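In what follows, a structure is listed as structure tokens, so that the remarks can point back to it.
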Amino acid sequence: MNATMSEEVLVEEQEQAPKVLVKYAGFWGRLAAFLLDLGVFFLSVVVLGIVSSVACVLLGLPFDVLYQANAEPVWGWAILGWWVLYAVLFPCSPWRATPGKKILNLKITTLDGKRISVLRSFGRFLAKTFVSSFLGIGYLIIGSDRRAQGWHDSIANTYVVKVLEVEEIYKKEAEEMASDVEAVPV
């Protein structure tokens, strides 16, 4: 009885979800998303630097304490840690994407369309790091793979898809059709 109720709830939830079509995201779209992510990440590091400088002034610490030679390793580790958090936590968030992928309407998912776990996201990140050490060959195969998977996607069993909402598709088609039609008196 409970299983039947659960199934009904799932059907009910599916009916309320927006209808979407997905296609595998190709090499160029993913490269564009990565470049956007680099920009967002760089901007966040600049903001972090400004905030920490202001905090230093407000706390009465010498301004140059953040930029002394012995502080460089701390900054390096802080930036590396932020990159790991950025690259691991965004893909397993409700967005299912980093900000760059979100802007381009791309999502990282499992084969059955579910959100990836933190552990899978971390494994994907480690695989990405490993793959990039081989001259990017693991990224280049995205263009020739039928599911547009890089080596890191295959290792983590993930997919990057472009999400198209059906309502948006129909709206665009209707607008295109309307522009081709002339008003004629009947």
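Lettering and numbering for the structure tokens are positional, with chains as A, B, ... in the shown order, residues counted from 1 in each chain, and ligands counted from 1 in the shown order.
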
Discussion item. At a cut-off of 10 Å, using only C-alpha atoms, what residues contact Ile142 in chain A? Leave out same-chain residues fewer than 6 positions from it and give the result as a PyMOL selection string.
Written reply: chain A and resi 24-28+30+148-151+153

Practice prompt. As a PyMOL selection string, list the residues of range 20-82 of chain A assigned to helix (DSSP H, G or I) by DSSP on the backbone atoms of this structure.
Written response: chain A and resi 27-58+63-67+69-82

Worksheet item: Using only C-alpha atoms, which residues sit within 6 Å of range 116-133 of chain A once same-chain residues fewer than 6 positions away are excluded, as a PyMOL selection string?
Response: chain A and resi 88+92+109+152+156

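Proximity ranking of A:Leu140, A:Ile108, A:Val74, A:Leu36 relative to Phe90 in chain A places A:Ile108 first, based on only C-alpha atoms.
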
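You can rank A:Ile79, A:Leu89, A:Ile103, A:Val161 by their closest distance to Ser44 in chain A using only C-alpha atoms, and at the top of that list sits A:Ile79.
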
Which neighbours of Gly100 in chain A fall inside 9 Å, counting only C-alpha atoms, when residues of the same chain fewer than 6 positions from it are skipped, and could you give them as a compact mmCIF listing (two decimals) with all heavy atoms, in the first residue's frame?
# COMPACT_ATOMS: atom_id res chain seq x y z
N ARG A 30 30.90 23.54 -23.35
CA ARG A 30 31.55 23.27 -22.07
C ARG A 30 32.80 24.12 -21.89
O ARG A 30 33.10 24.57 -20.78
CB ARG A 30 31.87 21.78 -21.97
CG ARG A 30 30.60 20.95 -21.86
CD ARG A 30 30.84 19.48 -21.92
NE ARG A 30 31.53 19.03 -20.72
CZ ARG A 30 31.69 17.75 -20.41
NH1 ARG A 30 31.19 16.82 -21.19
NH2 ARG A 30 32.33 17.39 -19.33
N ALA A 32 33.16 27.14 -23.16
CA ALA A 32 32.63 28.48 -22.84
C ALA A 32 32.22 28.55 -21.37
O ALA A 32 32.49 29.55 -20.69
CB ALA A 32 31.44 28.80 -23.75
N ALA A 33 31.59 27.50 -20.86
CA ALA A 33 31.19 27.46 -19.45
C ALA A 33 32.42 27.51 -18.54
O ALA A 33 32.43 28.20 -17.52
CB ALA A 33 30.36 26.22 -19.16
N PHE A 34 33.47 26.80 -18.92
CA PHE A 34 34.71 26.80 -18.13
C PHE A 34 35.33 28.20 -18.10
O PHE A 34 35.78 28.67 -17.06
CB PHE A 34 35.70 25.78 -18.69
CG PHE A 34 37.04 25.82 -18.01
CD1 PHE A 34 37.18 25.34 -16.71
CD2 PHE A 34 38.15 26.34 -18.65
CE1 PHE A 34 38.41 25.38 -16.07
CE2 PHE A 34 39.39 26.38 -18.02
CZ PHE A 34 39.52 25.90 -16.72
N LEU A 35 35.34 28.87 -19.24
CA LEU A 35 35.90 30.23 -19.29
C LEU A 35 35.06 31.19 -18.45
O LEU A 35 35.61 32.06 -17.75
CB LEU A 35 36.01 30.71 -20.74
CG LEU A 35 37.01 29.94 -21.61
CD1 LEU A 35 36.95 30.41 -23.06
CD2 LEU A 35 38.43 30.06 -21.06
N LEU A 36 33.75 31.03 -18.47
CA LEU A 36 32.89 31.84 -17.60
C LEU A 36 33.20 31.55 -16.13
O LEU A 36 33.26 32.47 -15.31
CB LEU A 36 31.41 31.56 -17.89
CG LEU A 36 30.84 32.18 -19.15
CD1 LEU A 36 29.46 31.61 -19.44
CD2 LEU A 36 30.78 33.69 -19.03
N ASP A 37 33.40 30.27 -15.82
CA ASP A 37 33.74 29.90 -14.44
C ASP A 37 35.06 30.51 -14.01
O ASP A 37 35.20 30.96 -12.87
CB ASP A 37 33.80 28.38 -14.29
CG ASP A 37 32.44 27.76 -14.13
OD1 ASP A 37 31.57 28.41 -13.50
OD2 ASP A 37 32.23 26.64 -14.61
N LEU A 38 36.04 30.54 -14.90
CA LEU A 38 37.31 31.18 -14.55
C LEU A 38 37.10 32.66 -14.23
O LEU A 38 37.68 33.18 -13.27
CB LEU A 38 38.33 31.04 -15.69
CG LEU A 38 38.98 29.67 -15.85
CD1 LEU A 38 39.96 29.70 -17.02
CD2 LEU A 38 39.69 29.23 -14.59
N GLY A 39 36.26 33.33 -15.02
CA GLY A 39 35.95 34.73 -14.76
C GLY A 39 35.25 34.94 -13.43
O GLY A 39 35.62 35.82 -12.64
N VAL A 40 34.25 34.10 -13.15
CA VAL A 40 33.52 34.20 -11.88
C VAL A 40 34.45 33.91 -10.72
O VAL A 40 34.45 34.62 -9.71
CB VAL A 40 32.31 33.23 -11.87
CG1 VAL A 40 31.70 33.12 -10.49
CG2 VAL A 40 31.26 33.65 -12.89
N LEU A 106 23.49 24.53 -18.74
CA LEU A 106 24.05 23.19 -18.74
C LEU A 106 23.93 22.61 -17.34
O LEU A 106 23.99 23.35 -16.35
CB LEU A 106 25.53 23.22 -19.14
CG LEU A 106 25.87 23.84 -20.48
CD1 LEU A 106 27.38 23.83 -20.70
CD2 LEU A 106 25.18 23.12 -21.62

Worksheet item: Using the chain letters and numbers from this document, which residues of range 77-155 of chain A does DSSP assign to strand (DSSP E or B), as number ranges by chain?
Response: A: 106-109

How about saving the chosen residues, N, CA and C atoms kept, as an mmCIF file, in the first residue's frame?
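So selection.cif came out as:
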data_model
loop_
_atom_site.group_PDB
_atom_site.id
_atom_site.type_symbol
_atom_site.label_atom_id
_atom_site.label_comp_id
_atom_site.auth_asym_id
_atom_site.auth_seq_id
_atom_site.Cartn_x
_atom_site.Cartn_y
_atom_site.Cartn_z
ATOM 1 N N LEU A 106 23.491 24.532 -18.737
ATOM 2 C CA LEU A 106 24.053 23.189 -18.738
ATOM 3 C C LEU A 106 23.928 22.608 -17.336
ATOM 4 N N LYS A 107 23.756 21.301 -17.254
ATOM 5 C CA LYS A 107 23.675 20.632 -15.955
ATOM 6 C C LYS A 107 24.530 19.388 -15.957
ATOM 7 N N ILE A 108 25.104 19.088 -14.787
ATOM 8 C CA ILE A 108 25.869 17.859 -14.587
ATOM 9 C C ILE A 108 24.920 16.880 -13.914
ATOM 10 N N THR A 109 24.823 15.683 -14.466
ATOM 11 C CA THR A 109 23.829 14.738 -13.980
ATOM 12 C C THR A 109 24.325 13.308 -14.086
#

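Minimum atom-to-atom distances from A:Gly113, A:Gly81, A:Gly138, A:Gly29 to Ser154 in chain A were compared using only C-alpha atoms, and the lowest value belongs to A:Gly138.
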
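Comparing the minimum interatomic distances between Val160 in chain A and each of A:Leu59, A:Leu31, A:Val84, A:Ile50, counting only C-alpha atoms, we find that A:Leu31 sits nearest.
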